[in-house]
>>> print(open('structure.txt').read())   # compact mmCIF, C-alpha atoms and all ligand atoms
# COMPACT_ATOMS: atom_id res chain seq x y z
CA MET A 1 0.00 0.00 0.00
CA ASP A 2 1.02 3.67 -0.39
CA LYS A 3 2.76 5.68 2.30
CA ILE A 4 0.15 7.19 4.61
CA GLN A 5 -0.70 10.83 3.85
CA PRO A 6 -2.19 13.12 6.51
CA TRP A 7 -5.48 11.75 7.76
CA GLU A 8 -8.56 13.79 6.83
CA LEU A 9 -10.82 13.76 9.87
CA PHE A 10 -14.64 14.01 9.78
CA CYS A 11 -16.41 14.32 13.13
CA PHE A 12 -20.16 13.77 13.43
CA ASP A 13 -22.55 14.14 16.30
CA GLU A 14 -24.67 11.12 15.38
CA VAL A 15 -24.42 8.46 12.67
CA THR A 16 -25.87 5.00 12.12
CA SER A 17 -22.39 3.51 12.02
CA THR A 18 -19.07 5.27 11.38
CA ASN A 19 -18.31 2.41 8.96
CA ASP A 20 -21.32 3.48 6.85
CA LYS A 21 -20.13 7.12 6.74
CA ALA A 22 -16.60 6.05 5.86
CA LYS A 23 -17.96 3.94 2.97
CA GLU A 24 -19.81 6.99 1.64
CA LEU A 25 -16.61 9.08 1.72
CA CYS A 26 -14.65 6.47 -0.24
CA ARG A 27 -16.88 7.13 -3.24
CA GLU A 28 -15.10 10.49 -3.57
CA GLY A 29 -11.76 8.65 -3.85
CA GLY A 30 -8.16 9.53 -3.12
CA HIS A 31 -7.74 10.12 0.61
CA PHE A 32 -6.92 8.68 3.98
CA TYR A 33 -10.16 9.32 5.78
CA VAL A 34 -11.09 9.04 9.45
CA VAL A 35 -14.69 9.27 10.55
CA SER A 36 -15.61 9.62 14.20
CA ALA A 37 -18.94 10.19 15.89
CA ARG A 38 -20.17 10.96 19.40
CA LYS A 39 -23.11 8.60 18.95
CA GLN A 40 -23.88 5.57 16.80
CA THR A 41 -27.47 4.40 16.46
CA LYS A 42 -26.65 1.15 14.62
CA GLY A 43 -23.11 0.26 15.61
CA ARG A 44 -22.06 -3.10 14.21
CA GLY A 45 -19.83 -5.75 15.73
CA ARG A 46 -18.34 -8.88 14.24
CA ARG A 47 -20.41 -11.97 13.39
CA GLY A 48 -23.53 -9.83 12.93
CA HIS A 49 -23.56 -8.59 16.53
CA HIS A 50 -24.75 -5.16 17.56
CA TRP A 51 -22.04 -2.88 19.05
CA ILE A 52 -23.41 -1.11 22.11
CA SER A 53 -22.37 2.52 21.62
CA GLN A 54 -22.25 4.24 25.00
CA GLU A 55 -21.62 7.93 25.52
CA GLY A 56 -17.99 9.02 25.85
CA ASN A 57 -16.59 5.94 24.10
CA LEU A 58 -14.67 6.09 20.83
CA PHE A 59 -16.38 5.10 17.59
CA CYS A 60 -14.27 5.67 14.52
CA SER A 61 -13.51 4.25 11.09
CA LEU A 62 -10.41 4.60 8.96
CA ALA A 63 -10.86 4.37 5.19
CA PHE A 64 -8.00 3.92 2.78
CA GLU A 65 -6.88 1.82 -0.17
CA PHE A 66 -4.84 -1.34 0.06
CA SER A 67 -4.80 -4.73 -1.60
CA LEU A 68 -6.15 -7.93 -0.08
CA GLN A 69 -2.61 -9.28 0.38
CA ASP A 70 -1.94 -6.46 2.90
CA LEU A 71 -5.04 -7.17 4.97
CA GLY A 72 -3.30 -9.58 7.38
CA ALA A 73 -0.59 -7.04 8.26
CA ILE A 74 -3.09 -4.21 8.66
CA VAL A 75 -5.34 -6.24 10.98
CA LEU A 76 -2.34 -7.04 13.21
CA LEU A 77 -1.10 -3.43 13.07
CA THR A 78 -4.48 -2.08 14.14
CA SER A 79 -4.74 -4.14 17.33
CA LEU A 80 -1.02 -3.66 18.08
CA SER A 81 -1.45 0.12 17.74
CA LEU A 82 -4.46 0.07 20.07
CA LEU A 83 -2.42 -1.85 22.65
CA GLN A 84 0.46 0.63 22.36
CA THR A 85 -1.89 3.60 22.65
CA ILE A 86 -3.35 2.18 25.87
CA THR A 87 0.08 1.45 27.35
CA SER A 88 1.19 5.00 26.48
CA TYR A 89 -1.20 6.10 29.26
CA ASP A 90 -0.02 3.48 31.74
CA GLN A 91 3.15 1.45 31.18
CA ASN A 92 1.99 -1.08 33.77
CA ALA A 93 -1.43 -1.75 32.28
CA GLU A 94 -1.87 -5.46 31.53
CA VAL A 95 -2.84 -5.23 27.86
CA THR A 96 -2.83 -8.36 25.73
CA LEU A 97 -3.83 -9.38 22.20
CA LYS A 98 -6.15 -12.19 21.27
CA TRP A 99 -6.30 -13.48 17.70
CA PRO A 100 -7.71 -12.29 15.36
CA ASN A 101 -8.11 -8.71 16.58
CA ASP A 102 -9.21 -8.37 20.20
CA VAL A 103 -7.41 -6.14 22.67
CA LEU A 104 -7.86 -7.11 26.32
CA LEU A 105 -7.15 -5.03 29.41
CA ASN A 106 -6.81 -7.18 32.52
CA LYS A 107 -8.35 -10.04 30.47
CA ALA A 108 -11.50 -8.02 29.66
CA LYS A 109 -12.50 -6.60 26.29
CA ILE A 110 -11.51 -2.96 25.92
CA SER A 111 -12.03 -2.51 22.18
CA GLY A 112 -13.42 -4.05 19.01
CA ILE A 113 -12.34 -3.92 15.39
CA LEU A 114 -14.67 -4.49 12.44
CA ILE A 115 -13.09 -4.58 8.99
CA GLU A 116 -15.34 -4.19 5.97
CA LYS A 117 -14.66 -3.94 2.25
CA ALA A 118 -15.72 -0.76 0.45
CA GLU A 119 -15.59 0.25 -3.21
CA GLN A 120 -12.61 -0.60 -5.45
CA ASP A 121 -9.54 -1.18 -3.24
CA TYR A 122 -10.90 0.73 -0.25
CA TRP A 123 -11.21 -0.95 3.12
CA ILE A 124 -12.88 0.30 6.27
CA ILE A 125 -11.24 -0.32 9.64
CA GLY A 126 -13.96 0.31 12.23
CA ILE A 127 -12.72 0.72 15.79
CA GLY A 128 -14.63 1.00 19.04
CA VAL A 129 -12.80 1.69 22.32
CA ASN A 130 -14.44 1.71 25.73
CA ILE A 131 -13.07 4.99 27.02
CA LYS A 132 -15.60 5.99 29.68
CA GLN A 133 -18.02 3.05 29.99
CA ALA A 134 -18.07 -0.71 29.52
CA PRO A 135 -21.23 -2.37 28.25
CA GLU A 136 -22.63 -5.58 29.77
CA LEU A 137 -21.73 -8.20 27.19
CA THR A 138 -24.19 -11.06 26.88
CA ASP A 139 -22.89 -12.54 23.61
CA CYS A 140 -19.20 -12.69 24.48
CA THR A 141 -16.95 -15.18 26.24
CA TYR A 142 -15.51 -12.52 28.52
CA LYS A 143 -16.43 -9.29 30.26
CA ALA A 144 -15.93 -5.78 28.92
CA THR A 145 -13.95 -3.07 30.66
CA SER A 146 -13.20 0.61 30.05
CA LEU A 147 -10.12 2.82 30.41
CA MET A 148 -12.01 4.71 33.11
CA ASP A 149 -12.39 1.45 35.10
CA HIS A 150 -8.58 1.40 35.19
CA GLU A 151 -8.25 5.05 36.20
CA ILE A 152 -7.11 6.12 32.74
CA ASP A 153 -9.03 9.35 32.34
CA THR A 154 -8.95 10.47 28.72
CA SER A 155 -11.41 11.44 25.99
CA ALA A 156 -12.32 9.82 22.69
CA PRO A 157 -10.76 12.63 20.56
CA ILE A 158 -7.46 12.54 22.49
CA PHE A 159 -7.28 8.75 22.30
CA LEU A 160 -8.00 8.90 18.55
CA GLN A 161 -5.17 11.40 17.92
CA LYS A 162 -2.70 9.24 19.82
CA PHE A 163 -3.90 6.11 18.05
CA LEU A 164 -3.56 7.68 14.58
CA HIS A 165 -0.02 8.78 15.38
CA THR A 166 0.94 5.27 16.55
CA PHE A 167 -0.84 3.52 13.68
CA THR A 168 0.89 5.75 11.09
CA LYS A 169 4.30 5.09 12.68
CA ASN A 170 3.61 1.35 12.71
CA ILE A 171 2.62 1.32 9.03
CA ASP A 172 5.98 3.00 8.28
CA MET A 173 7.74 0.37 10.41
CA TRP A 174 6.01 -2.38 8.42
CA HIS A 175 7.14 -0.76 5.13
CA THR A 176 10.74 -0.61 6.27
CA ALA A 177 11.09 -3.72 8.44
CA GLY A 178 8.56 -6.06 6.78
CA PHE A 179 5.75 -8.34 7.89
CA ALA A 180 7.92 -10.51 10.17
CA SER A 181 8.62 -7.58 12.49
CA VAL A 182 4.89 -6.74 12.70
CA LYS A 183 4.04 -10.35 13.42
CA ASN A 184 6.76 -10.75 16.05
CA SER A 185 5.69 -7.56 17.86
CA TRP A 186 2.08 -8.76 17.81
CA LEU A 187 2.96 -12.27 19.05
CA SER A 188 5.04 -10.82 21.90
CA HIS A 189 1.75 -9.56 23.40
CA ALA A 190 -0.27 -12.75 22.76
CA PRO A 191 -0.38 -14.97 25.88
CA ASP A 192 -2.11 -17.75 23.88
CA LEU A 193 1.01 -18.36 21.76
CA GLY A 194 2.46 -21.81 22.50
CA ARG A 195 -0.57 -22.82 24.55
CA THR A 196 -3.38 -25.25 23.93
CA ILE A 197 -6.45 -23.32 22.88
CA LYS A 198 -9.93 -24.10 21.63
CA VAL A 199 -11.17 -22.33 18.54
CA ARG A 200 -14.82 -22.05 17.63
CA LEU A 201 -15.25 -22.32 13.86
CA GLU A 202 -18.51 -21.87 12.01
CA ASN A 203 -19.69 -25.46 12.46
CA GLN A 204 -17.30 -27.04 14.97
CA ASN A 205 -14.70 -26.46 17.69
CA VAL A 206 -11.07 -27.46 17.25
CA GLU A 207 -8.33 -27.80 19.85
CA GLY A 208 -4.58 -27.50 19.44
CA VAL A 209 -1.47 -25.49 20.19
CA PHE A 210 -1.27 -21.95 18.83
CA THR A 211 2.09 -22.20 17.06
CA ASP A 212 2.30 -19.15 14.78
CA ILE A 213 0.59 -16.68 12.47
CA ASP A 214 1.17 -17.05 8.73
CA ASN A 215 1.87 -14.29 6.18
CA ASN A 216 -1.86 -13.68 5.72
CA GLY A 217 -2.39 -13.16 9.44
CA PHE A 218 -4.07 -16.58 9.80
CA LEU A 219 -3.62 -18.67 12.93
CA LEU A 220 -1.60 -21.90 12.71
CA LEU A 221 -2.92 -24.54 15.09
CA LYS A 222 -1.05 -27.79 15.79
CA THR A 223 -3.67 -30.47 16.31
CA ASN A 224 -3.47 -34.27 16.74
CA THR A 225 -3.88 -34.62 12.98
CA GLY A 226 -1.34 -31.97 11.92
CA VAL A 227 -1.06 -28.20 11.59
CA ILE A 228 -4.21 -26.50 10.36
CA THR A 229 -4.67 -22.92 9.18
CA ILE A 230 -7.53 -21.05 10.82
CA THR A 231 -8.78 -18.18 8.67
CA ALA A 232 -11.69 -17.15 10.91
CA GLY A 233 -12.84 -18.22 14.35
CA GLU A 234 -12.94 -17.35 18.00
CA ILE A 235 -10.42 -18.51 20.61
CA PHE A 236 -11.51 -19.96 23.94
CA THR A 237 -9.18 -20.52 26.85
CA ASP A 238 -9.80 -21.55 30.43
CA ARG A 239 -7.76 -18.63 31.77
C1 LIG B 1 -16.31 -6.45 17.55
O1 LIG B 1 -17.36 -7.10 17.45
O2 LIG B 1 -15.45 -6.73 18.38
C2 LIG B 1 -16.07 -5.30 16.61
C3 LIG B 1 -16.76 -4.05 17.04
C4 LIG B 1 -16.43 -2.83 16.19
C5 LIG B 1 -17.19 -1.61 16.65
C6 LIG B 1 -16.79 -0.36 15.89
S1 LIG B 1 -17.45 1.12 16.59
C7 LIG B 1 -16.95 2.02 15.20
C8 LIG B 1 -17.22 1.16 13.98
N1 LIG B 1 -18.58 1.34 13.54
C9 LIG B 1 -19.29 0.23 13.68
O3 LIG B 1 -20.50 0.12 13.38
N2 LIG B 1 -18.56 -0.75 14.20
C10 LIG B 1 -17.20 -0.32 14.42
>>> encode(input="structure.txt", output="structure tokens", more="lines below")
Ligand code: BTN
Amino acid sequence: MDKIQPWELFCFDEVTSTNDKAKELCREGGHFYVVSARKQTKGRGRRGHHWISQEGNLFCSLAFEFSLQDLGAIVLLTSLSLLQTITSYDQNAEVTLKWPNDVLLNKAKISGILIEKAEQDYWIIGIGVNIKQAPELTDCTYKATSLMDHEIDTSAPIFLQKFLHTFTKNIDMWHTAGFASVKNSWLSHAPDLGRTIKVRLENQNVEGVFTDIDNNGFLLLKTNTGVITITAGEIFTDR
């Protein structure tokens, strides 16, 4: 993908979903867009879930062009940049990464990432961060938390600025140092690496040791019958 140009920021009071607004902007072509909103009336999560959009939290979407072969790196870079933004507030915060793109603070969900395809080569990276409040999650394997719960008192706009700075720097790092350095940084924050995990696939669960991530960002799981590549799924652990 191209070197990142300055982000063009659009702030709204209320939208259905920032991903929808970002998709509309892509039709104009040619920019690195960021859409943020104070409220979302139809926030979307992964696997068709609703994303509860509480006041004071961050709802934003980045829109830019890249090819499908870069998707794996960009997914890893997004969650890694969220982790680094959180630790920039508190070096001692226990922030970890869970494949494919969850960021956990003290083992609870602090953010969500929803990637959607837009027109031509545009992709939308939708990001929600629990800044002030944590919703009660009924459809998730773990609890949610907020930065405020951990005495990190910031605002959505300030968090977004810091995140964009970190994300841009990390994209540059990927261009100069390559995918392996992105992957190794990501894996260094993934406590599941090397452990036996259960993964829920669409129609079944599989169990094995999380051995690596491949060049597409897919999870490599060593099972009794050999190493399998997991392209989509949800990890379960007993921790
Ligand atoms: C998940 O299920 O973990 C992903 C949640 C992604 C939520 C964000 S909030 C901003 C953007 N707009 C949406 O409708 N969803 C994403």
>>> residues_near_ligand(input="structure.txt", ligand="ligand LIG 1 (chain B)", cutoff="9 Å", atoms="only C-alpha atoms and all ligand atoms", output="ChimeraX atom specification")
/A:16-20,35-37,40-53,57-61,101-102,109,111-115,124-129
>>> atom_distance(input="structure.txt", atom1="CA of Lys117 (chain A)", atom2="CA of Leu25 (chain A)")
13.2 Å
>>> closest_atom_pairs(input="structure.txt", of="region 70-188 of chain A", to="region 3-8 of chain A", cutoff="10 Å", atoms="only C-alpha atoms", output="CSV")
residue,atom,partner,partner_atom,distance
A:Leu164,CA,A:Trp7,CA,8.2
A:His165,CA,A:Trp7,CA,9.8
A:Phe167,CA,A:Ile4,CA,9.8
A:Thr168,CA,A:Ile4,CA,6.7
A:Lys169,CA,A:Ile4,CA,9.3
A:Ile171,CA,A:Ile4,CA,7.8
A:Asp172,CA,A:Lys3,CA,7.3
A:His175,CA,A:Lys3,CA,8.3
>>> residues_near_point(input="structure.txt", point="(-2.3, -25.8, 19.1)", cutoff="10 Å", atoms="all atoms listed in the file", output="number ranges by chain")
A: 192-199, 206-212, 219-224, 226-228
>>> atom_distance(input="structure.txt", atom1="CA of Arg200 (chain A)", atom2="CA of Ile235 (chain A)")
6.4 Å
>>> residues_around(input="structure.txt", residues="Ala134 (chain A)", least_positions_apart="6", cutoff="8 Å", atoms="only C-alpha atoms", output="ChimeraX atom specification")
/A:54,110,144-146
>>> write_last_selection(input="structure.txt", atoms="C-alpha atoms", output="compact mmCIF listing (two decimals), keeping the file's coordinate frame")
# COMPACT_ATOMS: atom_id res chain seq x y z
CA GLN A 54 -22.25 4.24 25.00
CA ILE A 110 -11.51 -2.96 25.92
CA ALA A 144 -15.93 -5.78 28.92
CA THR A 145 -13.95 -3.07 30.66
CA SER A 146 -13.20 0.61 30.05
>>> residues_around(input="structure.txt", residues="Gly30 (chain A)", least_positions_apart="4", cutoff="10 Å", atoms="all atoms listed in the file", output="PyMOL selection string")
chain A and resi 25-26+64-65+122
>>> closest_residue(input="structure.txt", among="A:Arg38, A:Thr141, A:Trp174, A:Lys183", to="Phe236 (chain A)", atoms="all atoms listed in the file")
A:Thr141
>>> atom_distance(input="structure.txt", atom1="CA of Met173 (chain A)", atom2="CA of Thr231 (chain A)")
24.9 Å
>>> closest_residue(input="structure.txt", among="A:Gln133, A:Thr85, A:Asn215, A:Ser155", to="Phe179 (chain A)", atoms="all atoms listed in the file")
A:Asn215
>>> residues_around(input="structure.txt", residues="Thr96 (chain A)", least_positions_apart="4", cutoff="9 Å", atoms="only C-alpha atoms", output="list in words")
Leu83, Asp102, Val103, Leu104, Leu105, Asn106, Lys107, His189, Ala190 and Pro191 of chain A
>>> closest_residue(input="structure.txt", among="A:Gln204, A:Trp99, A:Ser185, A:Glu24", to="Asn170 (chain A)", atoms="only C-alpha atoms")
A:Ser185
